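Q: File query.tsv below, TSV, C-alpha atoms:
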chain	number	residue	atom	x	y	z
A	485	MET	CA	-25.18	-10.46	-0.71
A	486	ASP	CA	-26.59	-6.93	-0.90
A	487	SER	CA	-23.25	-5.28	-0.10
A	488	VAL	CA	-21.57	-2.37	-1.78
A	489	THR	CA	-18.18	-3.60	-2.93
A	490	CYS	CA	-15.19	-2.07	-4.64
A	491	ASP	CA	-12.40	-4.06	-6.28
A	492	LEU	CA	-9.31	-2.17	-7.33
A	493	THR	CA	-5.84	-3.18	-8.39
A	494	ILE	CA	-3.16	-0.82	-7.14
A	495	SER	CA	0.61	-0.75	-7.14
A	496	LEU	CA	2.50	-1.18	-3.90
A	497	ASP	CA	2.99	2.58	-3.89
A	498	GLY	CA	-0.74	3.13	-4.18
A	499	TYR	CA	-1.32	4.02	-7.80
A	500	LEU	CA	-4.28	2.93	-9.90
A	501	ALA	CA	-2.51	3.94	-13.08
A	502	GLY	CA	0.93	5.11	-14.09
A	503	PRO	CA	2.02	8.52	-15.35
A	504	ASN	CA	1.18	9.92	-18.78
A	505	GLN	CA	-2.14	8.24	-19.38
A	506	SER	CA	-3.34	8.67	-22.95
A	507	PRO	CA	-5.87	7.14	-25.34
A	508	GLU	CA	-3.10	4.86	-26.60
A	509	ASN	CA	-1.94	4.00	-23.10
A	510	PRO	CA	-4.97	4.31	-20.83
A	511	LEU	CA	-3.25	2.77	-17.80
A	512	GLY	CA	-0.22	5.03	-18.08
A	513	GLU	CA	3.42	4.04	-18.16
A	514	GLY	CA	3.89	0.71	-16.46
A	515	GLY	CA	0.21	0.45	-15.66
A	516	GLU	CA	-0.33	-2.69	-17.72
A	517	ASP	CA	1.77	-4.60	-15.20
A	518	LEU	CA	-0.84	-3.93	-12.52
A	519	HIS	CA	-3.15	-6.48	-14.07
A	520	ARG	CA	-0.73	-9.29	-14.87
A	521	TRP	CA	-2.29	-11.33	-12.07
A	522	MET	CA	-5.60	-11.49	-13.92
A	523	PHE	CA	-4.18	-12.45	-17.26
A	524	GLU	CA	-1.19	-14.61	-16.32
A	525	GLU	CA	-2.67	-16.37	-13.29
A	526	PRO	CA	-6.41	-16.65	-13.94
A	527	ASP	CA	-6.69	-20.04	-12.24
A	528	ALA	CA	-4.77	-19.12	-9.10
A	529	ASN	CA	-6.84	-15.96	-8.79
A	530	ALA	CA	-10.17	-17.42	-9.93
A	531	ALA	CA	-12.05	-16.63	-6.73
A	532	GLU	CA	-11.03	-12.96	-6.78
A	533	ILE	CA	-11.85	-12.60	-10.45
A	534	ALA	CA	-15.24	-14.20	-9.89
A	535	GLY	CA	-15.86	-11.72	-7.08
A	536	ILE	CA	-15.18	-8.82	-9.38
A	537	LEU	CA	-17.62	-10.06	-11.99
A	538	SER	CA	-20.46	-11.28	-9.77
A	539	SER	CA	-22.21	-8.05	-8.94
A	540	GLY	CA	-25.79	-7.33	-9.84
A	541	ALA	CA	-25.08	-3.73	-10.84
A	542	TYR	CA	-22.10	-1.42	-11.26
A	543	ILE	CA	-21.40	2.25	-10.70
A	544	MET	CA	-18.65	4.17	-12.49
A	545	GLY	CA	-17.49	7.69	-13.10
A	546	ARG	CA	-17.80	9.35	-16.44
A	547	ASN	CA	-14.10	9.04	-17.21
A	548	MET	CA	-14.17	5.32	-16.67
A	549	TYR	CA	-17.13	5.09	-18.98
A	550	ALA	CA	-15.86	7.45	-21.61
A	551	GLY	CA	-12.23	6.49	-21.61
A	552	PRO	CA	-9.15	8.66	-21.17
A	553	GLY	CA	-8.10	11.61	-23.18
A	554	PRO	CA	-10.04	14.53	-24.63
A	555	GLY	CA	-12.87	14.09	-27.03
A	556	PRO	CA	-14.66	10.83	-26.42
A	557	TRP	CA	-17.41	12.36	-24.28
A	558	ALA	CA	-19.38	13.31	-27.35
A	559	LYS	CA	-23.13	13.03	-27.54
A	560	ASP	CA	-23.06	9.80	-29.51
A	561	TRP	CA	-20.04	8.20	-27.82
A	562	ARG	CA	-20.88	4.65	-26.75
A	563	GLY	CA	-18.11	4.39	-24.18
A	564	TRP	CA	-14.82	2.67	-24.73
A	565	TRP	CA	-15.94	-0.76	-23.59
A	566	GLY	CA	-16.91	-2.00	-27.04
A	567	GLU	CA	-20.27	-3.33	-28.08
A	568	ASP	CA	-20.18	-6.20	-25.55
A	569	PRO	CA	-18.85	-4.74	-22.27
A	570	PRO	CA	-17.62	-7.14	-19.60
A	571	TYR	CA	-20.25	-6.19	-17.04
A	572	HIS	CA	-23.29	-8.11	-18.28
A	573	ALA	CA	-25.41	-6.10	-15.86
A	574	PRO	CA	-26.77	-2.57	-15.42
A	575	VAL	CA	-24.02	0.05	-15.13
A	576	PHE	CA	-24.80	3.46	-13.62
A	577	VAL	CA	-22.55	6.21	-14.96
A	578	LEU	CA	-22.12	9.39	-12.92
A	579	THR	CA	-22.33	12.40	-15.20
A	580	HIS	CA	-23.48	15.99	-15.35
A	581	HIS	CA	-25.11	15.34	-18.71
A	582	PRO	CA	-28.14	13.06	-18.45
A	583	ARG	CA	-29.10	11.08	-21.52
A	584	PRO	CA	-31.18	8.02	-22.32
A	585	PRO	CA	-29.92	4.58	-21.31
A	586	LEU	CA	-27.65	2.81	-23.75
A	587	GLN	CA	-28.26	-0.89	-24.16
A	588	MET	CA	-25.22	-2.86	-25.24
A	589	GLN	CA	-24.79	-6.52	-26.13
A	590	GLY	CA	-24.42	-9.21	-23.49
A	591	GLY	CA	-26.70	-7.74	-20.87
A	592	THR	CA	-24.88	-4.49	-20.16
A	593	THR	CA	-26.98	-1.34	-20.14
A	594	PHE	CA	-25.42	2.02	-19.33
A	595	HIS	CA	-27.67	4.32	-17.30
A	596	PHE	CA	-26.62	7.95	-16.85
A	597	VAL	CA	-27.15	9.52	-13.45
A	598	ALA	CA	-26.87	13.28	-13.01
A	599	ASP	CA	-28.13	13.70	-9.45
A	600	GLY	CA	-25.23	12.35	-7.41
A	601	ILE	CA	-23.74	9.25	-5.86
A	602	GLY	CA	-26.63	8.65	-3.48
A	603	SER	CA	-29.08	8.48	-6.33
A	604	ALA	CA	-26.76	6.25	-8.33
A	605	LEU	CA	-26.48	3.90	-5.40
A	606	ASP	CA	-30.22	3.80	-4.87
A	607	GLN	CA	-30.80	2.99	-8.52
A	608	ALA	CA	-28.02	0.41	-8.58
A	609	ARG	CA	-29.32	-1.31	-5.45
A	610	GLU	CA	-32.75	-1.63	-6.98
A	611	ALA	CA	-31.32	-2.93	-10.25
A	612	ALA	CA	-29.08	-5.42	-8.43
A	613	ALA	CA	-32.14	-7.07	-6.92
A	614	GLY	CA	-30.39	-8.39	-3.84
A	615	LYS	CA	-26.97	-9.00	-5.36
A	616	ASP	CA	-23.93	-6.84	-4.61
A	617	VAL	CA	-23.48	-3.40	-6.08
A	618	ALA	CA	-19.90	-2.75	-7.21
A	619	VAL	CA	-18.28	0.65	-7.42
A	620	ALA	CA	-16.06	0.02	-10.42
A	621	GLY	CA	-14.02	3.25	-10.53
A	622	GLY	CA	-12.26	5.43	-11.35
A	623	ALA	CA	-10.26	6.83	-8.48
A	624	GLU	CA	-12.29	9.98	-7.93
A	625	THR	CA	-15.56	8.07	-7.87
A	626	VAL	CA	-14.15	5.56	-5.40
A	627	ARG	CA	-12.85	8.35	-3.18
A	628	GLN	CA	-16.31	9.93	-3.11
A	629	PHE	CA	-17.95	6.67	-2.09
A	630	LEU	CA	-15.28	5.84	0.49
A	631	SER	CA	-15.42	9.29	2.07
A	632	ALA	CA	-19.21	9.07	2.24
A	633	GLY	CA	-18.93	5.74	4.05
A	634	LEU	CA	-20.90	3.98	1.35
A	635	ILE	CA	-18.57	1.07	0.57
A	636	ASP	CA	-19.06	-2.01	2.72
A	637	GLU	CA	-16.15	-4.03	1.37
A	638	LEU	CA	-13.03	-2.63	-0.29
A	639	ARG	CA	-11.06	-5.40	-1.99
A	640	LEU	CA	-7.58	-4.28	-2.89
A	641	HIS	CA	-5.40	-6.28	-5.24
A	642	ILE	CA	-1.89	-5.05	-4.61
A	643	ALA	CA	0.59	-5.64	-7.40
A	644	PRO	CA	4.23	-5.89	-6.24
A	645	ILE	CA	5.40	-3.04	-8.42
A	646	LEU	CA	6.13	0.65	-8.02
A	647	LEU	CA	4.68	3.07	-10.56
A	648	GLY	CA	6.31	6.12	-8.99
A	649	ALA	CA	3.75	8.58	-10.31
A	650	GLY	CA	0.22	8.69	-11.65
A	651	GLU	CA	-3.11	8.64	-9.88
A	652	ARG	CA	-3.16	7.50	-6.26
A	653	LEU	CA	-6.31	5.84	-5.05
A	654	LEU	CA	-6.46	6.84	-1.42
A	655	ASP	CA	-5.18	10.42	-1.38
A	656	GLY	CA	-7.74	12.69	0.21
A	657	VAL	CA	-10.11	9.97	1.38
A	658	GLN	CA	-11.88	10.95	4.60
A	659	ASN	CA	-13.63	8.92	7.28
A	660	PHE	CA	-11.73	5.74	6.46
A	661	ASN	CA	-12.53	3.15	9.11
A	662	VAL	CA	-11.91	-0.41	8.01
A	663	GLU	CA	-10.42	-3.66	9.14
A	664	PRO	CA	-8.91	-6.38	7.02
A	665	THR	CA	-10.99	-9.55	6.96
A	666	TYR	CA	-9.23	-11.68	4.36
A	667	VAL	CA	-5.81	-11.92	2.79
A	668	SER	CA	-4.32	-14.17	0.14
A	669	GLY	CA	-2.03	-13.89	-2.80
A	670	THR	CA	0.27	-15.20	-5.49
A	671	ARG	CA	3.63	-14.04	-6.74
A	672	LEU	CA	1.91	-11.35	-8.83
A	673	VAL	CA	-0.64	-9.99	-6.38
A	674	THR	CA	-1.71	-9.70	-2.76
A	675	HIS	CA	-5.46	-9.65	-2.15
A	676	VAL	CA	-6.69	-7.85	0.95
A	677	HIS	CA	-10.37	-7.39	1.76
A	678	TYR	CA	-11.30	-4.52	4.05
A	679	ARG	CA	-14.67	-4.30	5.76
A	680	SER	CA	-16.11	-0.97	6.78
A	681	ILE	CA	-16.41	-0.63	10.55
A	682	ARG	CA	-18.16	2.72	10.70
B	998	MET	CA	19.84	-17.12	7.60
B	999	ASP	CA	22.41	-14.63	6.32
B	1000	SER	CA	19.81	-12.47	4.54
B	1001	VAL	CA	19.42	-8.73	4.56
B	1002	THR	CA	15.93	-8.02	5.83
B	1003	CYS	CA	13.83	-4.94	6.38
B	1004	ASP	CA	10.68	-4.83	8.49
B	1005	LEU	CA	8.55	-1.73	8.29
B	1006	THR	CA	5.06	-0.85	9.38
B	1007	ILE	CA	3.27	1.46	6.96
B	1008	SER	CA	-0.21	2.85	6.61
B	1009	LEU	CA	-2.40	1.69	3.76
B	1010	ASP	CA	-1.55	4.93	2.00
B	1011	GLY	CA	2.14	4.21	2.31
B	1012	TYR	CA	3.33	6.38	5.19
B	1013	LEU	CA	5.89	5.40	7.82
B	1014	ALA	CA	4.87	8.30	10.02
B	1015	GLY	CA	2.15	10.91	10.08
B	1016	PRO	CA	2.45	14.65	9.56
B	1017	ASN	CA	4.03	17.06	12.03
B	1018	GLN	CA	6.61	14.80	13.64
B	1019	SER	CA	8.17	16.34	16.70
B	1020	PRO	CA	10.19	15.27	19.74
B	1021	GLU	CA	6.93	14.97	21.64
B	1022	ASN	CA	5.22	13.09	18.83
B	1023	PRO	CA	7.96	11.23	16.95
B	1024	LEU	CA	5.56	9.21	14.80
B	1025	GLY	CA	3.56	12.25	13.77
B	1026	GLU	CA	-0.20	12.74	13.96
B	1027	GLY	CA	-1.94	9.40	13.90
B	1028	GLY	CA	1.35	7.55	13.66
B	1029	GLU	CA	0.93	5.73	16.95
B	1030	ASP	CA	-1.93	3.77	15.40
B	1031	LEU	CA	0.50	2.18	12.96
B	1032	HIS	CA	1.89	-0.02	15.69
B	1033	ARG	CA	-1.28	-1.10	17.46
B	1034	TRP	CA	-0.79	-4.60	16.03
B	1035	MET	CA	2.39	-5.06	18.06
B	1036	PHE	CA	1.03	-3.83	21.34
B	1037	GLU	CA	-2.58	-4.96	21.21
B	1038	GLU	CA	-2.10	-8.30	19.46
B	1039	PRO	CA	1.35	-9.55	20.49
B	1040	ASP	CA	0.27	-13.18	20.53
B	1041	ALA	CA	-1.48	-13.19	17.18
B	1042	ASN	CA	1.53	-11.46	15.64
B	1043	ALA	CA	4.22	-13.31	17.60
B	1044	ALA	CA	5.97	-14.78	14.58
B	1045	GLU	CA	6.32	-11.41	12.86
B	1046	ILE	CA	7.53	-9.72	16.03
B	1047	ALA	CA	10.08	-12.47	16.56
B	1048	GLY	CA	11.28	-11.97	12.99
B	1049	ILE	CA	11.87	-8.29	13.65
B	1050	LEU	CA	13.94	-8.97	16.75
B	1051	SER	CA	15.95	-11.99	15.60
B	1052	SER	CA	18.65	-10.34	13.53
B	1053	GLY	CA	22.33	-10.60	14.31
B	1054	ALA	CA	23.00	-6.95	13.51
B	1055	TYR	CA	21.07	-3.82	12.57
B	1056	ILE	CA	21.68	-0.82	10.34
B	1057	MET	CA	19.92	2.52	10.81
B	1058	GLY	CA	20.16	6.09	9.64
B	1059	ARG	CA	21.32	8.85	11.90
B	1060	ASN	CA	17.83	10.25	12.40
B	1061	MET	CA	16.54	6.93	13.63
B	1062	TYR	CA	19.44	6.75	16.04
B	1063	ALA	CA	19.32	10.32	17.22
B	1064	GLY	CA	15.58	10.80	17.33
B	1065	PRO	CA	13.45	13.48	15.69
B	1066	GLY	CA	13.72	17.21	16.08
B	1067	PRO	CA	16.71	19.52	16.23
B	1068	GLY	CA	19.36	19.24	18.85
B	1069	PRO	CA	19.84	15.65	19.92
B	1070	TRP	CA	22.68	14.97	17.48
B	1071	ALA	CA	25.15	16.45	19.95
B	1072	LYS	CA	28.56	14.96	20.61
B	1073	ASP	CA	27.51	13.27	23.81
B	1074	TRP	CA	24.00	12.27	22.77
B	1075	ARG	CA	23.43	8.59	23.44
B	1076	GLY	CA	20.54	8.21	21.04
B	1077	TRP	CA	16.91	8.20	22.04
B	1078	TRP	CA	16.66	4.48	22.68
B	1079	GLY	CA	17.44	4.71	26.36
B	1080	GLU	CA	20.20	2.88	28.18
B	1081	ASP	CA	18.87	-0.58	27.22
B	1082	PRO	CA	17.87	-0.39	23.55
B	1083	PRO	CA	15.63	-3.13	22.16
B	1084	TYR	CA	18.19	-4.44	19.68
B	1085	HIS	CA	20.47	-6.52	21.93
B	1086	ALA	CA	22.94	-6.72	19.05
B	1087	PRO	CA	25.39	-4.49	17.19
B	1088	VAL	CA	23.72	-1.52	15.50
B	1089	PHE	CA	25.51	0.29	12.67
B	1090	VAL	CA	24.50	3.94	12.41
B	1091	LEU	CA	25.05	5.78	9.13
B	1092	THR	CA	26.52	9.21	9.80
B	1093	HIS	CA	28.87	11.80	8.39
B	1094	HIS	CA	30.45	12.21	11.81
B	1095	PRO	CA	32.45	9.16	12.88
B	1096	ARG	CA	32.92	8.60	16.58
B	1097	PRO	CA	33.85	5.71	18.86
B	1098	PRO	CA	31.37	2.88	19.42
B	1099	LEU	CA	28.86	3.35	22.20
B	1100	GLN	CA	28.16	0.30	24.30
B	1101	MET	CA	24.73	0.25	25.90
B	1102	GLN	CA	23.14	-2.19	28.31
B	1103	GLY	CA	21.59	-5.45	27.16
B	1104	GLY	CA	23.99	-6.25	24.35
B	1105	THR	CA	23.37	-3.26	22.08
B	1106	THR	CA	26.46	-1.44	20.82
B	1107	PHE	CA	26.09	1.49	18.41
B	1108	HIS	CA	28.82	1.65	15.79
B	1109	PHE	CA	29.08	4.80	13.66
B	1110	VAL	CA	29.82	4.35	9.97
B	1111	ALA	CA	30.85	7.33	7.87
B	1112	ASP	CA	31.86	5.61	4.63
B	1113	GLY	CA	28.53	4.61	3.17
B	1114	ILE	CA	25.90	1.89	3.07
B	1115	GLY	CA	28.17	-0.71	1.48
B	1116	SER	CA	30.64	-0.41	4.31
B	1117	ALA	CA	27.88	-0.50	6.88
B	1118	LEU	CA	26.52	-3.66	5.33
B	1119	ASP	CA	29.94	-5.32	5.24
B	1120	GLN	CA	30.51	-4.52	8.90
B	1121	ALA	CA	27.02	-5.62	9.88
B	1122	ARG	CA	27.34	-8.91	8.00
B	1123	GLU	CA	30.56	-9.67	9.80
B	1124	ALA	CA	29.07	-8.76	13.16
B	1125	ALA	CA	25.94	-10.83	12.49
B	1126	ALA	CA	28.07	-13.96	12.18
B	1127	GLY	CA	25.69	-15.82	9.91
B	1128	LYS	CA	22.45	-14.41	11.22
B	1129	ASP	CA	20.30	-11.93	9.32
B	1130	VAL	CA	21.22	-8.27	9.00
B	1131	ALA	CA	18.21	-5.98	9.38
B	1132	VAL	CA	17.93	-2.52	7.89
B	1133	ALA	CA	15.89	-0.88	10.64
B	1134	GLY	CA	15.13	2.51	9.04
B	1135	GLY	CA	14.35	5.29	8.64
B	1136	ALA	CA	12.71	5.84	5.32
B	1137	GLU	CA	15.66	7.46	3.56
B	1138	THR	CA	18.03	4.72	4.67
B	1139	VAL	CA	15.62	2.02	3.50
B	1140	ARG	CA	15.18	3.76	0.14
B	1141	GLN	CA	18.95	3.81	-0.33
B	1142	PHE	CA	19.26	0.11	0.40
B	1143	LEU	CA	16.25	-0.81	-1.75
B	1144	SER	CA	17.44	1.24	-4.70
B	1145	ALA	CA	20.88	-0.35	-4.42
B	1146	GLY	CA	19.29	-3.79	-4.53
B	1147	LEU	CA	20.75	-4.71	-1.16
B	1148	ILE	CA	17.61	-5.91	0.64
B	1149	ASP	CA	16.81	-9.59	0.18
B	1150	GLU	CA	13.50	-9.60	2.03
B	1151	LEU	CA	11.24	-6.61	2.59
B	1152	ARG	CA	8.58	-7.42	5.17
B	1153	LEU	CA	5.81	-4.86	5.16
B	1154	HIS	CA	3.29	-4.67	7.96
B	1155	ILE	CA	0.38	-2.71	6.53
B	1156	ALA	CA	-1.87	-1.04	9.07
B	1157	PRO	CA	-5.45	-0.50	7.83
B	1158	ILE	CA	-5.35	3.25	8.37
B	1159	LEU	CA	-4.77	6.34	6.28
B	1160	LEU	CA	-2.36	8.97	7.55
B	1161	GLY	CA	-2.94	11.33	4.65
B	1162	ALA	CA	0.43	13.04	4.90
B	1163	GLY	CA	3.87	12.48	6.35
B	1164	GLU	CA	6.81	10.46	5.08
B	1165	ARG	CA	6.13	7.89	2.40
B	1166	LEU	CA	8.38	4.87	2.36
B	1167	LEU	CA	8.55	3.97	-1.30
B	1168	ASP	CA	8.60	7.34	-3.06
B	1169	GLY	CA	11.64	7.56	-5.28
B	1170	VAL	CA	12.80	3.97	-4.87
B	1171	GLN	CA	14.51	2.69	-8.01
B	1172	ASN	CA	15.19	-0.81	-9.31
B	1173	PHE	CA	12.38	-2.38	-7.30
B	1174	ASN	CA	11.98	-5.98	-8.40
B	1175	VAL	CA	10.25	-8.16	-5.86
B	1176	GLU	CA	7.63	-10.82	-5.52
B	1177	PRO	CA	5.43	-11.55	-2.54
B	1178	THR	CA	6.25	-14.85	-0.88
B	1179	TYR	CA	4.10	-14.79	2.24
B	1180	VAL	CA	0.98	-13.08	3.43
B	1181	SER	CA	-0.98	-13.19	6.67
B	1182	GLY	CA	-2.76	-10.81	8.96
B	1183	THR	CA	-5.10	-9.86	11.73
B	1184	ARG	CA	-7.73	-7.15	12.01
B	1185	LEU	CA	-5.00	-4.60	12.81
B	1186	VAL	CA	-2.35	-5.51	10.25
B	1187	THR	CA	-1.58	-7.28	6.99
B	1188	HIS	CA	1.87	-8.84	6.76
B	1189	VAL	CA	3.39	-9.21	3.30
B	1190	HIS	CA	6.91	-10.50	2.70
B	1191	TYR	CA	8.57	-9.52	-0.56
B	1192	ARG	CA	11.64	-11.31	-1.88
B	1193	SER	CA	14.07	-9.56	-4.15
B	1194	ILE	CA	14.15	-11.13	-7.63
B	1195	ARG	CA	16.98	-9.13	-9.13
Just give me the structure as structure tokens.
A:
Amino acid sequence: MDSVTCDLTISLDGYLAGPNQSPENPLGEGGEDLHRWMFEEPDANAAEIAGILSSGAYIMGRNMYAGPGPGPWAKDWRGWWGEDPPYHAPVFVLTHHPRPPLQMQGGTTFHFVADGIGSALDQAREAAAGKDVAVAGGAETVRQFLSAGLIDELRLHIAPILLGAGERLLDGVQNFNVEPTYVSGTRLVTHVHYRSIR
Amino acid sequence: MDSVTCDLTISLDGYLAGPNQSPENPLGEGGEDLHRWMFEEPDANAAEIAGILSSGAYIMGRNMYAGPGPGPWAKDWRGWWGEDPPYHAPVFVLTHHPRPPLQMQGGTTFHFVADGIGSALDQAREAAAGKDVAVAGGAETVRQFLSAGLIDELRLHIAPILLGAGERLLDGVQNFNVEPTYVSGTRLVTHVHYRSIR
């Protein structure tokens, strides 16, 4: 496909996570309910889940790599994704602290990029070898890519819940010019795909 | 149908209107773009538009009746909907200042209700004579009805734009328990119907 995609699950009031995120509760209060559609309705949502996992390379911010809370960004921290992360592909981590790549089990290798989102995208495109590149998160990373006009397809998965507080995805995004191209849903989620029309 | 419905067009970042609302610009900066789907794609969105206009009675807050800005809520103000408002049905206006009903052209009569949303709903149900009652807005009125669990079907029309600031519909809503039952859309809007599951 060769597109830059971004899949994110948000609440109906626009939050990626609830309030009071912590190492014990990384999605914040109520945040677990955002993802019920993946775990309770995997068959009904199979196409969307497949889309999330089909990219040739991923880009993420350091917080998404390192996990929430203070401390984990130590020199020998191997991320919070476990020894066999779900990506099974190269993952480019935006950071101010370059370090050697970290090869995990199952085909995931974390690469650390200290020279900005453009460089990360270039490296991810090359690694993806013609498949999509996915911007995996978190919110600040997605906002940077959206504002730079670098995301071709934003796929929002809108959970029918209110979180009331926490981190909002779209606050402060600039240059947002999209149109919806696809919509579907179940009782736990509404999928809307937005294509960039810059 | 005998349901209590609420149709609202919001931006993808959750705003009903943009910043800096004024009498000259009642929808705020950028707010006009919210409603492009109605005016530019009336045929493609005919079913949703018909749903908005099919109720037997309407309820609105005083600001939605009176219009934005200071001043218009004078004793002899006849609202800002003109002499032939688009409702063609009884409209119950929440206010602290009761006054006699105001009969307009085309079947719209404004009734002024000073004893709360429950009373307004009772009166609107009776006037609707078996048809739906629609809570027309504005945001604060909708929040009151949502938090009180009085809206059976919330129909959101999500425009693919960011307003960045203004009045957010869902901030502060309590007791929000819904599930999506219907989704459709065009390039200018995504329609999602949410049913109350209290």
Q: Between B:Met1061, B:Val1170, B:Met1101, B:Ala1117, single out the one closest to Gly1134 of chain B, counting only C-alpha atoms.
A: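 Nearest candidate to Gly1134 of chain B out of B:Met1061, B:Val1170, B:Met1101, B:Ala1117: B:Met1061.
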Q: Compile the residues of chain A that lie within 6 Å of chain B, evaluated using only C-alpha atoms, and express the compilation as a list in words.
A: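 That gives Glu663, Pro664 and Arg671 of chain A for chain A.
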Q: What gap, in Å, lies between atom CA of Gln607 of chain A and atom CA of Thr489 of chain A?
A: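 Atom-to-atom, atom CA of Gln607 of chain A to atom CA of Thr489 of chain A, that is 15.3 Å.
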Q: Could you state the separation of atom CA of Asp616 of chain A and atom CA of Phe594 of chain A in Å, given to one decimal place?
A: 17.2 Å
Q: Which residues are near Gly602 of chain A? Cut-off 10 Å, all atoms listed in the file, ignore same chain within fewer than 6 positions. Put them as a ChimeraX atom specification.
A: /A:608,629,632,634
Q: Which of these residues is nearest to Thr1105 of chain B, using only C-alpha atoms: B:Ala1044, B:Ile1056, B:Ala1086, B:Leu1118?
A: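 That would be B:Ala1086, the residue with the smallest distance to Thr1105 of chain B.
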Q: By how many Å are atom CA of Ala1126 of chain B and atom CA of Ser1193 of chain B apart?
A: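 It comes out at 22.0 Å.
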Q: Using only C-alpha atoms, which residue out of B:Val1139, B:Val1130, B:Ile1007, B:Val1001 lies closest to His1154 of chain B?
A: B:Ile1007
Q: Fix up segment 627-640 of chain A with N, CA and C atoms, then write it as a compact mmCIF listing (two decimals), keeping the file's coordinate frame.
A:
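What ended up in result-v7.txt:
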# COMPACT_ATOMS: atom_id res chain seq x y z
N ARG A 627 -13.10 7.45 -4.32
CA ARG A 627 -12.85 8.35 -3.18
C ARG A 627 -14.13 8.96 -2.66
N GLN A 628 -15.02 9.36 -3.55
CA GLN A 628 -16.31 9.93 -3.11
C GLN A 628 -17.11 8.91 -2.30
N PHE A 629 -17.19 7.70 -2.80
CA PHE A 629 -17.95 6.67 -2.09
C PHE A 629 -17.29 6.30 -0.77
N LEU A 630 -15.98 6.18 -0.76
CA LEU A 630 -15.28 5.84 0.49
C LEU A 630 -15.50 6.94 1.52
N SER A 631 -15.31 8.18 1.12
CA SER A 631 -15.42 9.29 2.07
C SER A 631 -16.84 9.43 2.60
N ALA A 632 -17.82 9.02 1.80
CA ALA A 632 -19.21 9.07 2.24
C ALA A 632 -19.59 7.84 3.06
N GLY A 633 -18.64 6.92 3.25
CA GLY A 633 -18.93 5.74 4.05
C GLY A 633 -19.88 4.77 3.38
N LEU A 634 -19.90 4.77 2.06
CA LEU A 634 -20.90 3.98 1.35
C LEU A 634 -20.38 2.63 0.84
N ILE A 635 -19.11 2.34 1.05
CA ILE A 635 -18.57 1.07 0.57
C ILE A 635 -18.43 0.11 1.75
N ASP A 636 -19.10 -1.02 1.64
CA ASP A 636 -19.06 -2.01 2.72
C ASP A 636 -17.79 -2.84 2.69
N GLU A 637 -17.34 -3.19 1.49
CA GLU A 637 -16.15 -4.03 1.37
C GLU A 637 -15.25 -3.51 0.25
N LEU A 638 -14.06 -3.07 0.65
CA LEU A 638 -13.03 -2.63 -0.29
C LEU A 638 -12.06 -3.78 -0.48
N ARG A 639 -11.94 -4.26 -1.71
CA ARG A 639 -11.06 -5.40 -1.99
C ARG A 639 -9.90 -4.90 -2.83
N LEU A 640 -8.76 -4.78 -2.19
CA LEU A 640 -7.58 -4.28 -2.89
C LEU A 640 -6.75 -5.45 -3.40
